[in-house]
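**Q** What follows is run-v6.txt; its format and atoms are compact mmCIF, C-alpha atoms.
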```
# COMPACT_ATOMS: atom_id res chain seq x y z
CA ARG S 1402 146.66 147.61 -259.13
CA LYS S 1403 143.62 145.88 -260.58
CA GLU S 1404 143.31 142.16 -259.89
CA VAL S 1405 142.80 141.45 -263.60
CA GLU S 1406 144.21 143.86 -266.16
CA GLN S 1407 143.49 144.07 -269.85
CA ASP S 1408 144.35 146.55 -272.59
CA PRO S 1409 140.99 148.23 -273.28
CA GLY S 1410 141.79 148.72 -276.98
CA PRO S 1411 140.10 149.12 -279.33
CA PHE S 1412 142.05 146.81 -281.56
CA ASN S 1413 141.20 147.64 -285.17
CA VAL S 1414 142.05 144.62 -287.27
CA PRO S 1415 141.40 143.80 -290.94
CA GLU S 1416 139.29 140.78 -291.71
CA GLY S 1417 141.39 137.64 -292.09
CA ALA S 1418 144.18 138.85 -289.85
CA THR S 1419 145.42 137.23 -286.65
CA VAL S 1420 145.00 139.13 -283.41
CA ALA S 1421 146.19 138.39 -279.87
CA PHE S 1422 145.15 139.75 -276.50
CA ASN S 1423 146.91 139.38 -273.20
CA CYS S 1424 145.58 139.66 -269.68
CA THR S 1425 147.50 139.71 -266.40
CA TYR S 1426 146.20 138.65 -263.01
CA SER S 1427 147.51 139.29 -259.51
CA ASN S 1428 146.21 136.35 -257.46
CA SER S 1429 148.83 133.61 -257.71
CA ALA S 1430 146.36 131.18 -256.08
CA SER S 1431 143.89 131.42 -258.98
CA GLN S 1432 143.23 128.04 -260.58
CA SER S 1433 140.49 128.64 -263.13
CA PHE S 1434 140.70 130.94 -266.11
CA PHE S 1435 138.26 131.91 -268.81
CA TRP S 1436 137.68 134.11 -271.80
CA TYR S 1437 134.19 135.53 -272.25
CA ARG S 1438 132.84 137.45 -275.20
CA GLN S 1439 130.42 140.35 -274.84
CA ASP S 1440 128.62 141.93 -277.75
CA CYS S 1441 127.43 145.52 -277.48
CA ARG S 1442 124.52 145.84 -275.03
CA LYS S 1443 124.39 142.07 -274.50
CA GLU S 1444 125.33 139.70 -271.72
CA PRO S 1445 128.78 138.09 -271.46
CA LYS S 1446 128.99 134.62 -272.97
CA LEU S 1447 131.59 131.98 -272.22
CA LEU S 1448 134.03 131.69 -275.11
CA MET S 1449 136.44 129.17 -273.67
CA SER S 1450 138.11 127.95 -270.54
CA VAL S 1451 141.91 128.21 -270.37
CA TYR S 1452 143.83 125.10 -269.39
CA SER S 1453 147.40 124.87 -268.14
CA SER S 1454 148.59 123.11 -271.27
CA GLY S 1455 146.87 125.59 -273.57
CA ASN S 1456 143.81 124.77 -275.61
CA GLU S 1457 142.33 125.43 -278.99
CA ASP S 1458 138.77 125.72 -280.24
CA GLY S 1459 138.62 126.24 -283.98
CA ARG S 1460 140.19 129.62 -284.76
CA PHE S 1461 140.68 130.44 -281.09
CA THR S 1462 143.70 129.48 -278.99
CA ALA S 1463 144.05 130.22 -275.28
CA GLN S 1464 147.26 129.94 -273.30
CA LEU S 1465 148.18 130.30 -269.65
CA ASN S 1466 151.54 131.33 -268.23
CA ARG S 1467 151.41 130.76 -264.48
CA ALA S 1468 154.96 131.93 -263.82
CA SER S 1469 154.26 135.36 -265.30
CA GLN S 1470 150.57 135.30 -264.36
CA TYR S 1471 149.14 136.07 -267.73
CA ILE S 1472 146.58 134.58 -270.08
CA SER S 1473 146.44 135.06 -273.80
CA LEU S 1474 143.81 134.66 -276.50
CA LEU S 1475 144.73 134.29 -280.17
CA ILE S 1476 142.17 134.62 -282.93
CA ARG S 1477 143.19 133.44 -286.38
CA ASP S 1478 141.53 134.30 -289.68
CA SER S 1479 139.37 136.91 -287.96
CA LYS S 1480 135.78 137.39 -289.11
CA LEU S 1481 133.56 140.44 -289.00
CA SER S 1482 131.44 138.55 -286.46
CA ASP S 1483 134.41 138.41 -284.08
CA SER S 1484 133.91 142.10 -283.34
CA ALA S 1485 133.10 142.24 -279.63
CA THR S 1486 134.62 142.92 -276.24
CA TYR S 1487 136.67 140.05 -274.83
CA LEU S 1488 136.68 139.63 -271.06
CA CYS S 1489 139.44 137.88 -269.15
CA VAL S 1490 138.21 136.11 -266.01
CA VAL S 1491 139.97 134.30 -263.16
CA ASN S 1492 138.63 132.71 -260.01
CA ARG S 1493 139.08 134.55 -256.73
CA ASP S 1494 138.99 131.69 -254.29
CA SER S 1495 137.27 128.43 -253.59
CA ASN S 1496 133.78 129.81 -253.12
CA TYR S 1497 133.20 130.17 -256.86
CA GLN S 1498 133.70 133.91 -257.07
CA LEU S 1499 135.21 135.24 -260.27
CA ILE S 1500 137.29 138.34 -260.92
CA TRP S 1501 136.55 140.09 -264.20
CA GLY S 1502 138.79 142.22 -266.36
CA ALA S 1503 137.26 145.35 -267.88
CA GLY S 1504 137.60 143.87 -271.37
CA THR S 1505 139.42 144.42 -274.65
CA LYS S 1506 137.38 145.79 -277.51
CA LEU S 1507 138.01 144.23 -280.91
CA ILE S 1508 136.78 145.73 -284.17
CA ILE S 1509 137.21 143.68 -287.33
CA LYS S 1510 137.15 145.80 -290.49
CA PRO S 1511 136.24 144.54 -293.97
CA ASP U 57 121.38 129.11 -274.05
CA ALA U 58 120.98 128.72 -270.29
CA GLY U 59 117.44 129.38 -269.12
CA ILE U 60 117.90 132.65 -267.28
CA THR U 61 115.54 135.59 -267.44
CA GLN U 62 115.67 138.97 -265.78
CA SER U 63 112.89 141.41 -265.13
CA PRO U 64 112.39 144.20 -265.77
CA ARG U 65 114.76 144.62 -268.70
CA HIS U 66 114.71 148.40 -268.43
CA LYS U 67 113.72 150.66 -265.59
CA VAL U 68 113.86 154.36 -264.85
CA THR U 69 113.27 155.35 -261.27
CA GLU U 70 113.71 158.35 -259.03
CA THR U 71 116.29 158.81 -256.30
CA GLY U 72 115.05 157.50 -252.98
CA THR U 73 112.59 154.93 -254.33
CA PRO U 74 112.94 151.21 -253.68
CA VAL U 75 113.63 148.96 -256.65
CA THR U 76 113.57 145.17 -256.95
CA LEU U 77 115.13 143.27 -259.81
CA ARG U 78 114.28 139.64 -260.41
CA CYS U 79 116.37 136.79 -261.78
CA HIS U 80 114.70 133.51 -262.69
CA GLN U 81 116.46 130.32 -263.78
CA THR U 82 115.17 127.02 -265.10
CA GLU U 83 118.49 125.15 -264.80
CA ASN U 84 118.17 124.19 -261.13
CA HIS U 85 121.70 125.50 -260.51
CA ARG U 86 122.79 126.01 -256.92
CA TYR U 87 124.77 129.23 -257.34
CA MET U 88 123.34 132.56 -258.38
CA TYR U 89 125.05 135.95 -258.62
CA TRP U 90 124.19 139.59 -259.07
CA TYR U 91 126.72 141.84 -260.83
CA ARG U 92 126.77 145.41 -261.97
CA GLN U 93 128.65 146.58 -265.05
CA ASP U 94 129.86 150.14 -265.51
CA PRO U 95 132.11 151.66 -268.18
CA GLY U 96 135.80 151.17 -267.41
CA HIS U 97 135.13 148.51 -264.81
CA GLY U 98 134.94 144.77 -264.99
CA LEU U 99 131.80 143.10 -263.77
CA ARG U 100 131.60 143.69 -260.04
CA LEU U 101 129.91 141.23 -257.73
CA ILE U 102 127.14 142.65 -255.56
CA HIS U 103 125.82 139.57 -253.78
CA TYR U 104 125.71 135.87 -254.44
CA SER U 105 123.75 132.87 -253.25
CA TYR U 106 124.92 129.33 -252.66
CA GLY U 107 121.51 127.89 -251.90
CA VAL U 108 117.98 128.73 -250.80
CA LYS U 109 118.20 131.35 -248.05
CA ASP U 110 122.02 131.22 -248.23
CA THR U 111 123.52 134.47 -249.46
CA ASP U 112 126.69 136.46 -249.00
CA LYS U 113 128.09 139.86 -249.86
CA GLY U 114 130.28 140.63 -252.82
CA GLU U 115 132.69 143.49 -253.31
CA VAL U 116 130.08 146.25 -253.89
CA SER U 117 127.19 145.26 -251.62
CA ASP U 118 126.51 148.58 -249.88
CA GLY U 119 123.00 149.82 -250.66
CA TYR U 120 121.82 146.43 -251.94
CA SER U 121 120.07 143.46 -250.38
CA VAL U 122 119.09 140.09 -251.80
CA SER U 123 116.74 137.23 -251.11
CA ARG U 124 116.44 133.70 -252.37
CA SER U 125 113.35 131.86 -251.18
CA LYS U 126 113.30 129.35 -254.06
CA THR U 127 116.07 127.71 -256.05
CA GLU U 128 114.91 129.38 -259.26
CA ASP U 129 114.53 132.98 -258.06
CA PHE U 130 117.10 135.49 -256.82
CA LEU U 131 115.92 139.01 -256.04
CA LEU U 132 118.08 142.13 -255.81
CA THR U 133 116.66 145.11 -253.93
CA LEU U 134 117.89 148.67 -253.87
CA GLU U 135 116.30 149.92 -250.67
CA SER U 136 116.61 153.61 -251.60
CA ALA U 137 117.99 154.09 -255.10
CA THR U 138 120.77 156.63 -255.70
CA SER U 139 122.17 158.02 -258.94
CA SER U 140 125.40 156.05 -258.36
CA GLN U 141 123.34 152.87 -258.76
CA THR U 142 122.57 153.70 -262.38
CA SER U 143 124.10 150.73 -264.13
CA VAL U 144 123.50 147.53 -266.05
CA TYR U 145 122.72 144.65 -263.71
CA PHE U 146 123.42 141.07 -264.70
CA CYS U 147 122.35 137.89 -263.00
CA ALA U 148 124.45 134.77 -263.46
CA ILE U 149 124.21 131.12 -262.45
CA SER U 150 126.68 128.31 -262.04
CA ALA U 151 126.40 124.64 -261.27
CA GLU U 152 127.87 122.84 -258.30
CA LEU U 153 131.64 122.31 -258.61
CA SER U 154 131.89 124.63 -261.61
CA TYR U 155 133.35 128.10 -261.98
CA GLU U 156 131.66 128.61 -265.35
CA GLN U 157 128.95 131.22 -265.07
CA TYR U 158 126.06 131.84 -267.45
CA PHE U 159 124.30 135.14 -267.67
CA GLY U 160 120.86 136.57 -268.01
CA PRO U 161 120.18 139.33 -270.57
CA GLY U 162 120.64 142.15 -268.05
CA THR U 163 118.57 145.00 -266.64
CA ARG U 164 119.36 148.60 -267.51
CA LEU U 165 118.54 150.74 -264.50
CA THR U 166 118.56 154.52 -264.57
CA VAL U 167 118.14 156.46 -261.34
CA THR U 168 117.23 160.10 -261.95
```
Just give me the structure of the file as structure tokens.
**A**
Amino acid sequence: RKEVEQDPGPFNVPEGATVAFNCTYSNSASQSFFWYRQDCRKEPKLLMSVYSSGNEDGRFTAQLNRASQYISLLIRDSKLSDSATYLCVVNRDSNYQLIWGAGTKLIIKP
Amino acid sequence: DAGITQSPRHKVTETGTPVTLRCHQTENHRYMYWYRQDPGHGLRLIHYSYGVKDTDKGEVSDGYSVSRSKTEDFLLTLESATSSQTSVYFCAISAELSYEQYFGPGTRLTVT
């Protein structure tokens, strides 16, 4: 079993729709969680950290469920520019190593 | 954007040749990382550094070595390149007491 699992997609979504991704992780000791965005042939960029109480940044909402060990990302009113691969990331241990999911590809269609 | 550059950005080399990739940062961050990214896999950690001359292995370190003689530079060396090392290589940095990592633009390496 992979340490971080994501549905690879692609998710084909019409512009303006709401889309949600989930990610599961296996290390119950993980304390830090992130969503990164990666455009085609570019480097990953930090989208948002995920806090225990859930957090929102504009159209993006991230939630954490420690009991079930999953993280979610919700994108509202999707834009064409949201098309990208979204990477779920959790920390491995206290020496700042991260474990990366393989990513979920999102395609927003006009 | 974080000040991280990688060189070269693209390289084609032959099996058995040595290759060195360079990562340079202007952020004065303590931690630096080398990853490889392949289709169907998440980013996989090759080596990381937690200070000048302080490095450790990641999950896919076989066939790779690293050096960090200055805070700003982290070098990744493939001693004898193999076709299985064809990949995109990313360098990342993070500050003390932070798990957030910031990436360089990547190096596309092809080993023929």
**Q** Select, from U:Leu134, U:Cys147, U:Val68, U:Ile60, the residue with the minimum atom-to-atom distance to Arg100 in chain U, counting all atoms listed in the file.
**A** U:Cys147
**Q** Got a sec to pull out which chain U residues are within 9 Å of chain S, counting all atoms listed in the file, and send them as a VMD selection string?
**A** chain U and resid 87 95 to 101 104 106 114 146 150 153 to 162
**Q** From the set U:Val108, U:Ile102, U:Val75, U:Leu165, which residue has the shortest atom-to-atom contact distance to Ser123 in chain U, counting all atoms listed in the file?
**A**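 Checking each of U:Val108, U:Ile102, U:Val75, U:Leu165 against Ser123 in chain U, counting all atoms listed in the file, the winner is U:Val108.
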**Q** One decimal, in Å: what's the spacing between CA of Val144 in chain U and CA of Asp94 in chain U?
**A**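 Taking CA of Val144 in chain U as the start and CA of Asp94 in chain U as the end point, the length is 6.9 Å.
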**Q** Name all residues at most 8 Å from Ser136 in chain U (count all atoms listed in the file; drop same-chain ones fewer than 4 positions away) and give them as a list in words.
**A**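 In the requested format, the answer is Thr71, Gly72, Thr73, Pro74, Val75 and Gly119 of chain U.
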**Q** Just the residues within 8 Å of range 1416-1418 of chain S, please, counting all atoms listed in the file, with nothing from its chain fewer than 3 positions along; format it as a ChimeraX atom specification.
**A** /S:1477-1481,1509-1511
**Q** Box in all listed atoms of range 109-114 of chain U, axis-aligned, with 5 Å more on each side; write out centre and edge lengths in Å to one decimal as AutoDock Vina command-line options.
**A**
```
--center_x 124.2 --center_y 135.9 --center_z -250.4 --size_x 22.1 --size_y 19.4 --size_z 14.8
```
**Q** Tell me which protein, DNA and RNA residues are within 8 Å of Leu1474 in chain S, counting all atoms listed in the file, leaving out same-chain ones fewer than 4 positions away, and put them as a list in words.
**A** Ala1421, Phe1422, Asn1423, Trp1436, Phe1461, Thr1462, Ala1463 and Gln1464 of chain S
**Q** When you count all atoms listed in the file, which of these residues is closest to His103 in chain U: U:Glu135, U:Lys126, U:Glu70, U:Ala148?
**A**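 When distances to His103 in chain U are compared using all atoms listed in the file, the smallest one comes from U:Ala148.
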**Q** Which value, in Å to one decimal, gives the distance between CA of Thr1486 in chain S and CA of Gly1455 in chain S?
**A** 21.4 Å
**Q** Leaving out Cys79 in chain U and any residue of its chain fewer than 5 positions from it, which residues lie within 8 Å of it when counting only C-alpha atoms, given as a tab-separated table (two decimals) with C-alpha atoms, in the coordinates of the input?
**A**
```tsv
chain	number	residue	atom	x	y	z
U	60	ILE	CA	117.90	132.65	-267.28
U	61	THR	CA	115.54	135.59	-267.44
U	62	GLN	CA	115.67	138.97	-265.78
U	63	SER	CA	112.89	141.41	-265.13
U	128	GLU	CA	114.91	129.38	-259.26
U	129	ASP	CA	114.53	132.98	-258.06
U	130	PHE	CA	117.10	135.49	-256.82
U	131	LEU	CA	115.92	139.01	-256.04
U	147	CYS	CA	122.35	137.89	-263.00
U	160	GLY	CA	120.86	136.57	-268.01
```
**Q** Using Å and a single decimal, report how far CA of Arg124 in chain U sits from CA of Gln93 in chain U.
**A** 21.8 Å
**Q** Restricting the calculation to all atoms listed in the file: of U:Ser143, U:Tyr120, U:Thr76, U:Arg164, which residue gets closest to Arg92 in chain U?
**A**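 Of U:Ser143, U:Tyr120, U:Thr76, U:Arg164, the one nearest Arg92 in chain U is U:Ser143, counting all atoms listed in the file.
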**Q** I'd like to know which of U:Thr163, U:Thr127, U:Ser117, U:Ser140 is closest to Arg86 in chain U, using only C-alpha atoms.
**A** U:Thr127
